[in-house]
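Structure file work_36.txt; described as compact mmCIF, C-alpha atoms.
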# COMPACT_ATOMS: atom_id res chain seq x y z
CA MET A 1 -20.61 8.34 -20.39
CA GLN A 2 -23.55 10.52 -21.41
CA ARG A 3 -27.23 9.59 -20.94
CA ASP A 4 -27.91 9.08 -24.66
CA ALA A 5 -24.97 6.67 -24.90
CA LEU A 6 -26.29 4.70 -21.93
CA GLU A 7 -29.75 4.47 -23.51
CA ARG A 8 -28.25 2.81 -26.59
CA LEU A 9 -26.60 0.02 -24.56
CA SER A 10 -28.15 -3.42 -24.54
CA LYS A 11 -29.29 -5.13 -21.35
CA ALA A 12 -26.20 -7.35 -21.29
CA GLU A 13 -23.93 -4.34 -21.76
CA LEU A 14 -25.66 -2.49 -18.92
CA ILE A 15 -25.28 -5.50 -16.63
CA GLU A 16 -21.56 -5.71 -17.49
CA LEU A 17 -21.15 -1.96 -16.81
CA VAL A 18 -22.82 -2.24 -13.39
CA LEU A 19 -20.64 -5.23 -12.50
CA ARG A 20 -17.52 -3.27 -13.41
CA LEU A 21 -18.60 -0.34 -11.23
CA GLN A 22 -19.14 -2.73 -8.32
CA ARG A 23 -15.61 -4.11 -8.47
CA PRO A 24 -13.50 -3.33 -5.39
CA GLU A 25 -10.67 -0.81 -5.57
CA LYS A 26 -7.21 -2.19 -6.14
CA THR A 27 -4.92 -2.16 -3.10
CA SER A 28 -1.28 -2.98 -2.41
CA ARG A 29 -2.33 -6.61 -1.91
CA THR A 30 -4.06 -6.90 -5.28
CA SER A 31 -1.83 -4.68 -7.42
CA SER A 32 1.56 -2.93 -7.56
CA LYS A 33 0.22 0.11 -5.68
CA PRO A 34 2.25 1.02 -2.56
CA PRO A 35 0.72 0.36 0.88
CA SER A 36 0.57 4.11 1.55
CA THR A 37 -2.28 4.41 -0.98
CA ASP A 38 -4.50 1.88 0.80
CA ARG A 39 -7.62 3.24 2.41
CA LYS A 40 -7.34 2.88 6.16
CA GLU A 41 -9.89 0.74 7.99
CA ARG A 42 -12.47 2.34 10.22
CA ARG A 43 -11.33 2.57 13.81
CA GLU A 44 -13.94 0.12 15.10
CA ARG A 45 -12.82 -2.53 12.61
CA ALA A 46 -9.07 -1.89 12.87
CA LYS A 47 -6.84 -4.41 14.58
CA PRO A 48 -5.60 -3.37 18.03
CA GLY A 49 -2.01 -2.20 18.24
CA GLY A 50 0.72 -3.54 20.47
CA ALA A 51 1.88 -7.08 21.12
CA LYS A 52 -0.61 -9.86 20.43
CA PRO A 53 -1.56 -12.45 23.06
CA GLY A 54 1.11 -15.12 23.41
CA HIS A 55 3.85 -12.90 21.98
CA ALA A 56 7.16 -13.55 23.75
CA GLY A 57 8.65 -10.44 25.30
CA HIS A 58 12.00 -9.06 24.17
CA SER A 59 14.39 -6.62 25.78
CA ARG A 60 17.37 -4.76 24.40
CA PRO A 61 20.62 -6.60 25.19
CA LEU A 62 23.40 -4.81 27.03
CA SER A 63 26.14 -3.31 24.90
CA ASP A 64 29.47 -5.09 24.54
CA ASP A 65 31.36 -1.87 23.81
CA VAL A 66 31.33 -0.07 27.19
CA SER A 67 32.99 3.32 27.56
CA GLU A 68 32.92 3.47 31.37
CA ARG A 69 31.86 1.31 34.32
CA ILE A 70 30.68 2.90 37.59
CA ALA A 71 29.86 0.88 40.73
CA HIS A 72 27.12 2.15 43.04
CA ARG A 73 27.07 0.96 46.66
CA PRO A 74 24.25 1.48 49.14
CA ASP A 75 25.30 3.77 52.00
CA VAL A 76 22.36 3.18 54.37
CA CYS A 77 20.43 0.04 55.31
CA PRO A 78 16.83 0.46 54.05
CA CYS A 79 15.54 -1.49 57.09
CA CYS A 80 17.28 -0.08 60.19
CA ARG A 81 18.91 2.99 58.59
CA MET A 82 22.36 1.90 59.82
CA ALA A 83 25.30 3.32 57.89
CA LEU A 84 27.03 0.73 55.66
CA ALA A 85 30.84 0.84 55.72
CA LEU A 86 32.75 0.95 52.44
CA ASP A 87 34.82 -2.13 53.36
CA LEU A 88 31.80 -4.44 53.57
CA PRO A 89 31.85 -7.24 50.93
CA ALA A 90 29.53 -6.55 47.95
CA GLU A 91 28.02 -8.69 45.20
CA ALA A 92 26.57 -7.81 41.81
CA ALA A 93 22.81 -7.15 41.94
CA GLY A 94 22.20 -5.90 38.41
CA VAL A 95 23.38 -3.61 35.62
CA TRP A 96 21.60 -0.46 34.44
CA GLU A 97 22.82 0.99 31.16
CA ARG A 98 22.70 4.57 29.95
CA ILE A 99 23.59 5.51 26.38
CA GLU A 100 24.35 9.06 25.31
CA LEU A 101 25.69 10.76 22.22
CA PRO A 102 28.59 13.17 22.69
CA ALA A 103 28.34 16.69 21.30
CA VAL A 104 29.86 16.72 17.81
CA ARG A 105 31.63 19.78 16.48
CA PRO A 106 33.62 20.13 13.26
CA GLN A 107 37.35 19.59 13.61
CA VAL A 108 38.90 22.61 11.89
CA VAL A 109 42.64 22.55 11.19
CA HIS A 110 44.47 25.59 9.79
CA HIS A 111 47.51 24.64 7.71
CA HIS A 112 49.99 27.54 7.73
CA ARG A 113 52.39 27.64 4.79
CA LEU A 114 55.80 28.86 5.80
CA ALA A 115 58.46 30.37 3.56
CA VAL A 116 62.21 30.04 4.13
CA ARG A 117 65.05 31.90 2.42
CA CYS A 118 67.67 29.49 1.11
CA PRO A 119 71.07 30.46 2.61
CA GLY A 120 72.89 29.03 -0.41
CA CYS A 121 71.22 30.74 -3.39
CA GLY A 122 68.86 33.12 -1.73
CA THR A 123 65.73 31.54 -3.25
CA ARG A 124 62.52 31.93 -1.24
CA ALA A 125 61.18 28.38 -0.67
CA VAL A 126 57.46 28.07 0.16
CA ALA A 127 55.93 24.92 1.65
CA GLN A 128 53.55 22.89 -0.52
CA VAL A 129 49.84 23.06 0.20
CA PRO A 130 49.08 19.95 2.33
CA VAL A 131 45.41 19.91 1.24
CA SER A 132 44.01 20.62 -2.20
CA GLY A 133 40.74 21.22 -3.96
CA THR A 134 38.23 21.53 -1.14
CA PRO A 135 38.38 22.51 2.53
CA PHE A 136 35.98 19.67 3.41
CA GLY A 137 37.35 16.30 4.49
CA PRO A 138 36.32 12.83 3.28
CA ARG A 139 34.20 12.02 6.32
CA LEU A 140 32.10 15.14 5.81
CA HIS A 141 31.65 14.14 2.16
CA ALA A 142 30.52 10.69 3.29
CA VAL A 143 28.06 12.03 5.89
CA ALA A 144 26.49 14.47 3.41
CA THR A 145 26.21 11.74 0.77
CA TYR A 146 24.62 9.35 3.25
CA LEU A 147 22.06 11.90 4.48
CA LYS A 148 21.18 13.09 0.97
CA THR A 149 20.97 9.68 -0.69
CA TYR A 150 19.79 7.28 2.00
CA GLN A 151 17.86 9.57 4.36
CA ALA A 152 16.16 11.44 1.50
CA LEU A 153 17.04 14.94 2.72
CA SER A 154 16.53 17.88 0.39
CA TYR A 155 19.29 20.48 0.12
CA GLU A 156 17.43 22.76 2.54
CA ARG A 157 16.91 20.00 5.12
CA LEU A 158 20.51 18.82 4.68
CA GLN A 159 21.67 22.36 5.38
CA ALA A 160 19.60 22.42 8.56
CA ALA A 161 20.78 18.97 9.70
CA LEU A 162 24.47 19.85 9.33
CA ALA A 163 23.95 23.17 11.14
CA ASP A 164 21.83 21.78 13.99
CA LEU A 165 23.72 18.53 14.58
CA PHE A 166 27.31 19.57 13.88
CA GLY A 167 27.32 23.38 13.94
CA LEU A 168 28.49 23.38 10.33
CA ARG A 169 27.04 26.02 8.00
CA LEU A 170 27.24 25.45 4.25
CA SER A 171 25.43 27.10 1.38
CA GLN A 172 23.27 25.04 -0.98
CA GLY A 173 25.78 25.70 -3.74
CA GLY A 174 28.59 24.45 -1.51
CA LEU A 175 26.58 21.33 -0.66
CA MET A 176 25.91 20.70 -4.34
CA ASN A 177 29.62 20.91 -5.18
CA LEU A 178 30.47 18.70 -2.20
CA LEU A 179 27.99 16.01 -3.26
CA ARG A 180 29.15 16.13 -6.87
CA ARG A 181 32.76 15.60 -5.79
CA ALA A 182 31.76 12.69 -3.55
CA GLN A 183 29.64 11.06 -6.26
CA GLY A 184 32.61 11.12 -8.62
CA ARG A 185 34.44 8.73 -6.28
CA PHE A 186 31.82 6.04 -7.03
CA GLN A 187 32.38 5.95 -10.78
CA ALA A 188 35.06 3.25 -10.68
CA GLY A 189 32.92 1.02 -8.45
CA ARG A 190 29.97 1.45 -10.78
CA GLU A 191 32.06 0.44 -13.80
CA ALA A 192 33.21 -2.69 -11.98
CA ALA A 193 29.60 -3.57 -11.10
CA VAL A 194 28.48 -3.07 -14.71
CA ALA A 195 31.32 -5.30 -15.94
CA THR A 196 30.20 -8.00 -13.50
CA LEU A 197 26.60 -7.65 -14.67
CA ARG A 198 27.64 -8.13 -18.30
CA ARG A 199 29.15 -11.52 -17.43
CA ALA A 200 26.23 -12.83 -15.38
CA GLU A 201 24.14 -15.84 -16.39
CA VAL A 202 21.03 -14.67 -14.51
CA VAL A 203 19.91 -11.02 -14.51
CA ALA A 204 16.80 -9.40 -13.03
CA SER A 205 15.54 -5.90 -13.81
CA ASP A 206 12.86 -3.42 -12.82
CA GLU A 207 12.18 0.33 -13.06
CA THR A 208 10.12 3.08 -11.48
CA GLY A 209 9.22 6.63 -12.45
CA VAL A 210 11.09 9.67 -11.11
CA ARG A 211 11.18 13.40 -11.88
CA ILE A 212 14.44 14.57 -13.46
CA GLU A 213 14.93 18.20 -14.51
CA GLY A 214 11.18 18.74 -14.25
CA CYS A 215 10.34 15.91 -16.66
CA THR A 216 9.31 12.30 -16.23
CA GLY A 217 12.34 10.04 -16.04
CA TYR A 218 13.00 6.53 -14.78
CA HIS A 219 15.16 4.85 -12.19
CA TRP A 220 16.24 1.39 -13.38
CA VAL A 221 17.84 -1.42 -11.39
CA PHE A 222 19.66 -4.47 -12.76
CA ARG A 223 20.62 -7.27 -10.43
CA CYS A 224 22.71 -10.44 -10.62
CA GLN A 225 24.32 -12.67 -8.03
CA ASP A 226 27.43 -10.50 -7.56
CA ALA A 227 26.33 -6.98 -8.51
CA VAL A 228 23.44 -4.50 -8.31
CA VAL A 229 23.44 -1.65 -10.85
CA HIS A 230 21.21 1.43 -10.62
CA GLN A 231 20.68 3.61 -13.68
CA ALA A 232 18.90 6.95 -14.19
CA ALA A 233 17.41 7.34 -17.66
CA PRO A 234 14.99 9.71 -19.42
CA THR A 235 13.08 6.79 -20.94
CA ARG A 236 11.45 3.49 -20.03
CA ALA A 237 12.26 1.90 -23.40
CA ALA A 238 14.18 -1.30 -24.08
CA SER A 239 17.08 0.82 -25.36
CA VAL A 240 18.11 1.38 -21.71
CA VAL A 241 18.47 -2.39 -21.22
CA ARG A 242 20.37 -2.85 -24.48
CA ALA A 243 22.79 -0.05 -23.61
CA MET A 244 23.34 -1.49 -20.13
CA MET A 245 24.00 -5.06 -21.32
CA ASP A 246 26.12 -3.99 -24.35
CA GLY A 247 25.28 -7.09 -26.39
CA HIS A 248 25.46 -9.60 -23.53
CA ARG A 249 22.50 -12.02 -23.40
CA PRO A 250 22.30 -13.87 -20.09
CA ALA A 251 20.90 -17.36 -19.88
CA VAL A 252 17.84 -16.17 -17.88
CA TRP A 253 16.19 -12.76 -17.56
CA LEU A 254 13.82 -12.15 -14.62
CA SER A 255 11.28 -9.32 -14.77
CA ASP A 256 7.61 -8.46 -14.82
CA ARG A 257 5.50 -8.59 -17.99
CA TYR A 258 6.40 -5.09 -19.22
CA ALA A 259 7.33 -5.35 -22.90
CA ALA A 260 10.59 -3.35 -22.65
CA GLN A 261 11.99 -5.94 -20.23
CA GLN A 262 11.18 -8.93 -22.43
CA GLY A 263 13.50 -10.78 -24.80
CA HIS A 264 16.86 -9.80 -23.32
CA GLY A 265 17.86 -13.30 -22.19
CA LEU A 266 17.93 -16.74 -23.78
CA ALA A 267 15.08 -17.66 -21.41
CA GLN A 268 12.64 -15.53 -19.43
CA GLN A 269 11.20 -15.90 -15.92
CA THR A 270 8.06 -13.88 -15.29
CA CYS A 271 7.64 -12.54 -11.75
CA LEU A 272 4.96 -14.73 -10.17
CA ALA A 273 4.31 -12.17 -7.42
CA HIS A 274 2.81 -9.79 -9.99
CA LEU A 275 0.51 -12.55 -11.22
CA ALA A 276 -0.43 -13.42 -7.63
CA ARG A 277 -1.63 -9.84 -7.07
CA ASP A 278 -3.76 -10.02 -10.23
CA VAL A 279 -5.24 -13.29 -9.00
CA ALA A 280 -5.96 -11.79 -5.57
CA TYR A 281 -7.90 -8.94 -7.22
CA ALA A 282 -9.91 -11.36 -9.37
CA LEU A 283 -10.75 -13.32 -6.23
CA GLU A 284 -12.12 -10.18 -4.54
CA ALA A 285 -14.00 -8.92 -7.59
CA SER A 286 -15.73 -12.11 -8.77
CA ASP A 287 -17.21 -15.39 -7.59
CA ASP A 288 -15.65 -17.37 -10.45
CA PRO A 289 -13.82 -20.52 -9.24
CA VAL A 290 -10.89 -20.16 -11.67
CA PRO A 291 -9.03 -17.42 -9.70
CA PHE A 292 -9.15 -19.61 -6.59
CA ARG A 293 -7.65 -22.51 -8.56
CA LEU A 294 -4.96 -20.17 -9.85
CA LYS A 295 -4.23 -19.06 -6.27
CA LEU A 296 -3.69 -22.69 -5.25
CA TRP A 297 -1.52 -23.27 -8.31
CA LEU A 298 0.67 -20.25 -7.51
CA SER A 299 0.98 -21.40 -3.91
CA SER A 300 2.30 -24.75 -5.16
CA ALA A 301 4.72 -22.95 -7.50
CA PHE A 302 6.04 -20.80 -4.63
CA ASP A 303 6.50 -23.89 -2.46
CA LEU A 304 8.48 -25.55 -5.25
CA ALA A 305 10.65 -22.44 -5.66
CA ASP A 306 11.46 -22.47 -1.93
CA THR A 307 12.55 -26.13 -1.95
CA ALA A 308 13.93 -26.51 -5.48
CA ALA A 309 17.60 -26.23 -4.48
CA GLY A 310 17.33 -29.31 -2.24
CA LEU A 311 15.40 -31.59 -4.61
CA ALA A 312 16.75 -34.19 -7.01
CA ALA A 313 16.46 -33.52 -10.75
CA SER A 314 13.93 -36.33 -11.22
CA THR A 315 11.75 -34.97 -8.40
CA LEU A 316 11.89 -31.48 -9.86
CA ALA A 317 10.89 -32.76 -13.29
CA ALA A 318 7.94 -34.71 -11.85
CA LYS A 319 6.71 -31.70 -9.86
CA ARG A 320 7.04 -29.47 -12.90
CA ARG A 321 4.97 -31.85 -15.05
CA ALA A 322 2.29 -31.93 -12.37
CA LEU A 323 2.17 -28.12 -12.23
CA GLU A 324 1.99 -27.89 -16.01
CA ARG A 325 -0.92 -30.34 -16.18
CA ARG A 326 -2.81 -28.40 -13.50
CA LEU A 327 -2.17 -25.11 -15.30
CA ASP A 328 -3.30 -26.52 -18.65
CA ALA A 329 -6.59 -27.63 -17.05
CA ILE A 330 -7.11 -24.18 -15.49
CA LEU A 331 -6.41 -22.34 -18.72
CA ALA A 332 -8.77 -24.64 -20.65
CA THR A 333 -11.67 -23.91 -18.29
CA SER A 334 -14.34 -21.69 -19.85
CA SER A 335 -15.54 -18.72 -17.81
CA GLY A 336 -18.16 -16.02 -18.11
CA CYS A 337 -16.14 -13.59 -15.97
CA GLU A 338 -14.26 -10.92 -17.90
CA LEU A 339 -11.54 -10.66 -15.24
CA THR A 340 -10.98 -14.41 -15.32
CA ARG A 341 -10.75 -14.50 -19.11
CA ALA A 342 -8.20 -11.62 -19.06
CA LEU A 343 -6.21 -13.47 -16.41
CA GLN A 344 -6.23 -16.68 -18.45
CA ALA A 345 -5.11 -14.78 -21.55
CA LYS A 346 -2.21 -13.20 -19.64
CA LEU A 347 -1.08 -16.61 -18.37
CA ARG A 348 -1.32 -18.13 -21.86
CA ARG A 349 0.98 -15.40 -23.21
CA ALA A 350 3.48 -16.05 -20.42
CA ARG A 351 3.02 -19.83 -20.50
CA ASP A 352 6.66 -20.68 -21.22
CA GLN A 353 7.99 -18.10 -18.68
CA LEU A 354 6.27 -19.27 -15.50
CA LEU A 355 8.42 -22.23 -14.43
CA THR A 356 11.85 -21.32 -15.79
CA PHE A 357 13.16 -21.26 -12.21
CA VAL A 358 12.79 -25.06 -12.08
CA ASP A 359 15.61 -25.39 -14.64
CA TRP A 360 17.86 -23.24 -12.43
CA PRO A 361 17.24 -24.46 -8.87
CA GLY A 362 18.60 -22.05 -6.30
CA GLN A 363 19.83 -19.60 -8.97
CA VAL A 364 16.63 -18.12 -10.41
CA GLU A 365 13.92 -16.73 -8.15
CA ALA A 366 10.22 -17.12 -8.87
CA THR A 367 9.62 -13.45 -8.04
CA ASN A 368 11.34 -10.16 -8.77
CA ASN A 369 11.00 -8.97 -5.17
CA ALA A 370 14.74 -8.37 -4.79
CA CYS A 371 14.68 -5.68 -7.50
CA GLU A 372 11.57 -4.12 -5.97
CA ARG A 373 13.35 -3.90 -2.61
CA ASP A 374 16.33 -2.26 -4.32
CA LEU A 375 13.99 0.34 -5.86
CA ARG A 376 12.11 1.13 -2.66
CA PRO A 377 14.64 3.74 -1.35
CA ALA A 378 14.49 5.52 -4.72
CA VAL A 379 10.68 5.62 -4.50
CA ILE A 380 10.90 7.15 -1.02
CA GLN A 381 13.43 9.68 -2.30
CA ARG A 382 11.05 10.65 -5.13
CA LYS A 383 8.12 11.17 -2.75
CA VAL A 384 10.11 13.20 -0.23
CA THR A 385 12.15 15.44 -2.54
CA ASN A 386 9.99 15.36 -5.70
CA GLY A 387 12.89 14.27 -7.88
CA TYR A 388 16.18 15.74 -9.08
CA ARG A 389 17.12 19.18 -10.32
CA ALA A 390 19.69 17.83 -12.80
CA MET A 391 20.53 14.59 -14.56
CA TRP A 392 24.02 14.52 -13.00
CA ALA A 393 22.41 14.40 -9.54
CA ALA A 394 20.10 11.52 -10.53
CA GLN A 395 22.92 9.52 -12.11
CA GLY A 396 25.31 10.40 -9.29
CA GLU A 397 22.93 8.99 -6.69
CA ALA A 398 22.42 5.94 -8.92
CA ASP A 399 26.21 5.43 -8.86
CA VAL A 400 26.23 5.69 -5.06
CA ARG A 401 23.38 3.17 -4.77
CA THR A 402 25.18 0.85 -7.22
CA VAL A 403 28.39 0.72 -5.18
CA VAL A 404 26.64 0.46 -1.82
CA ALA A 405 24.09 -2.17 -2.92
CA THR A 406 26.86 -4.27 -4.51
CA ALA A 407 29.02 -3.99 -1.37
CA ARG A 408 26.07 -4.99 0.82
CA LEU A 409 25.76 -8.31 -1.02
CA ALA A 410 28.55 -9.31 1.36
CA PRO A 411 27.40 -9.87 4.97
CA ASN A 412 27.92 -7.35 7.78
CA THR A 413 28.36 -4.33 5.49
CA SER A 414 26.71 -1.08 6.54
CA VAL A 415 25.52 1.65 4.19
CA PHE A 416 27.61 4.41 5.76
CA GLY A 417 30.63 2.11 6.03
CA ALA A 418 30.49 1.39 2.30
CA ILE A 419 30.14 5.10 1.48
CA LEU A 420 33.04 6.12 3.76
CA THR A 421 35.29 3.40 2.38
CA THR A 422 34.63 4.55 -1.19
CA VAL A 423 35.04 8.26 -0.51
CA THR A 424 38.31 7.79 1.41
CA ALA A 425 39.82 5.25 -1.02
How does this structure look as structure tokens?
Amino acid sequence: MQRDALERLSKAELIELVLRLQRPEKTSRTSSKPPSTDRKERRERAKPGGAKPGHAGHSRPLSDDVSERIAHRPDVCPCCRMALALDLPAEAAGVWERIELPAVRPQVVHHHRLAVRCPGCGTRAVAQVPVSGTPFGPRLHAVATYLKTYQALSYERLQAALADLFGLRLSQGGLMNLLRRAQGRFQAGREAAVATLRRAEVVASDETGVRIEGCTGYHWVFRCQDAVVHQAAPTRAASVVRAMMDGHRPAVWLSDRYAAQQGHGLAQQTCLAHLARDVAYALEASDDPVPFRLKLWLSSAFDLADTAAGLAASTLAAKRRALERRLDAILATSSGCELTRALQAKLRRARDQLLTFVDWPGQVEATNNACERDLRPAVIQRKVTNGYRAMWAAQGEADVRTVVATARLAPNTSVFGAILTTVTA
């Protein structure tokens, strides 16, 4: 703002401008910014590292899967230096474990095709090719897919990892073809997950930005009880949701307040975690009492969400009425703080979307944190590799994440195990 524009401001406007400039910066605790953007505390005010006083110590348990056991006997008495015979009785004094990785080298098999002359008709019979398409086996496809998708390696770093760890040298073009073949194996699993999503009663969604073909694109995630679907798209518009759901309207849709994610279900649950961050910022930036009352109200709502599945319907209804009365009183409170008024206006607009989870105890969450956790690996991938060279790569990785995330809804399922199972199917 220029000097002449400042001179035309009234005293009240100048006071409001100064108050705005004095507001604290938003952090990961008061907004959706990632923790990596937070300004680090000065060393003298930082908390000390290491275990805190009273922390119970932990040690790594011994492995159950033991490759070899070796017994070590003392051969000399440490006191008198007398030699100890091998036939003396011994007892266990302890176990010391050493873990090592064996050297891994590619297993290369040459398949020789032989030709035989038929003695009956004289025809030259040639053996069929036992392998087709690619010289690379399914496990190599799975390892490359795992490292590229879940360890966020660029093509150059993936090249180096395969060469250094396994002695395997591939060109970037060969790696690209290998990954594209592997990603094609996940298409059927993705279609099954999408079909499950289109039958679900409760669906949650979220999205984050990503670079695709040098342009701004978006990585979407849709989640229900039995499926997680990732989708790469060039837009953030509601058309992505409509195309994904193909006319299906679930009973409840869970999301943040972004307009493109509104109106896709018969009822809507707004993510209370997003509102809690807005309230935390208002608490830091002003002395108004309303944000503190909203913080207490949200704490009560979170407590109800945690216990809703075990409460009787009459108890849930009574607790909901109490929360609604408290919220009505908070929203009716007048305030001179601009942040507070904006917060009250946001809550009024979302008034009928704050306690939908009470009608679906144990089925609808009060926050959209599950979708945010599903998106976190994609955010890391974006920061490390700066996006995708082609749309097929972005959608291919979304297919891999879809199949793996859906498989991991079942307990004791590993990421690499899900990838290997799909590639070798």
Just give me the gap between CA of Arg401 (chain A) and CA of Tyr218 (chain A) in Å, one decimal is fine. 14.8 Å
Report as a ChimeraX atom specification all protein, DNA and RNA residues lying within 12 Å of Leu140 (chain A), evaluated on all atoms listed in the file, omitting residues in the same chain fewer than 3 positions from it. /A:105-108,134-137,143-147,162,166,168,170,175,178-179,181-182,416,419-420,423-424
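Checking A:Ile70, A:Ala370, A:Val379, A:Cys337 one by one against Ala285 (chain A), counting only C-alpha atoms, you find the shortest gap at A:Cys337.
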With 6 Å on each side, where is the centre of the axis-aligned box around all listed atoms of region 406-419 of chain A, and how long are its edges in Å to one decimal, as lines of an AutoDock Vina configuration file?
center_x = 28.1
center_y = -2.4
center_z = 1.6
size_x = 17.1
size_y = 27.0
size_z = 24.3
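Take CA of Ala188 (chain A) and CA of Lys148 (chain A): the distance between them is 20.6 Å.
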Between CA of Gly387 (chain A) and CA of Leu153 (chain A), distance in Å (one decimal): 11.4 Å
Residue neighbourhood Thr307 (chain A), 12 Å, all atoms listed in the file, exclusion window fewer than 2 positions, as a PyMOL selection string: chain A and resi 300-305+309-312+315-316+319+357-358+361-362+365-366
With distances taken over only C-alpha atoms, which of A:Ser59, A:Gly94, A:Val126, A:Arg408 is nearest to Leu114 (chain A)? A:Val126
Residues within 12 Å of Arg223 (chain A), please, as a PyMOL selection string. Count all atoms listed in the file; anything in the same chain fewer than 2 positions from it doesn't count. chain A and resi 193-194+196-207+220-221+225-231+244-245+250+252-255+364-365+368-375+402+405-406+409
Taking 6 positions as the minimum chain separation for residues in the same chain, which residues sit within 8 Å of region 270-282 of chain A when counting only C-alpha atoms? Answer as an MDAnalysis selection string. chainID A and resid 26 29:32 254:257 291:292 294:295 298 339:340 343 350 353:354 366:369
Near-Ala90 (chain A) list (12 Å; only C-alpha atoms; drop same-chain fewer than 5 positions) as a list of chain:residue names: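 Here the qualifying residues turn out to be A:Ala71, A:His72, A:Arg73, A:Pro74, A:Asp75, A:Leu84, A:Ala85.
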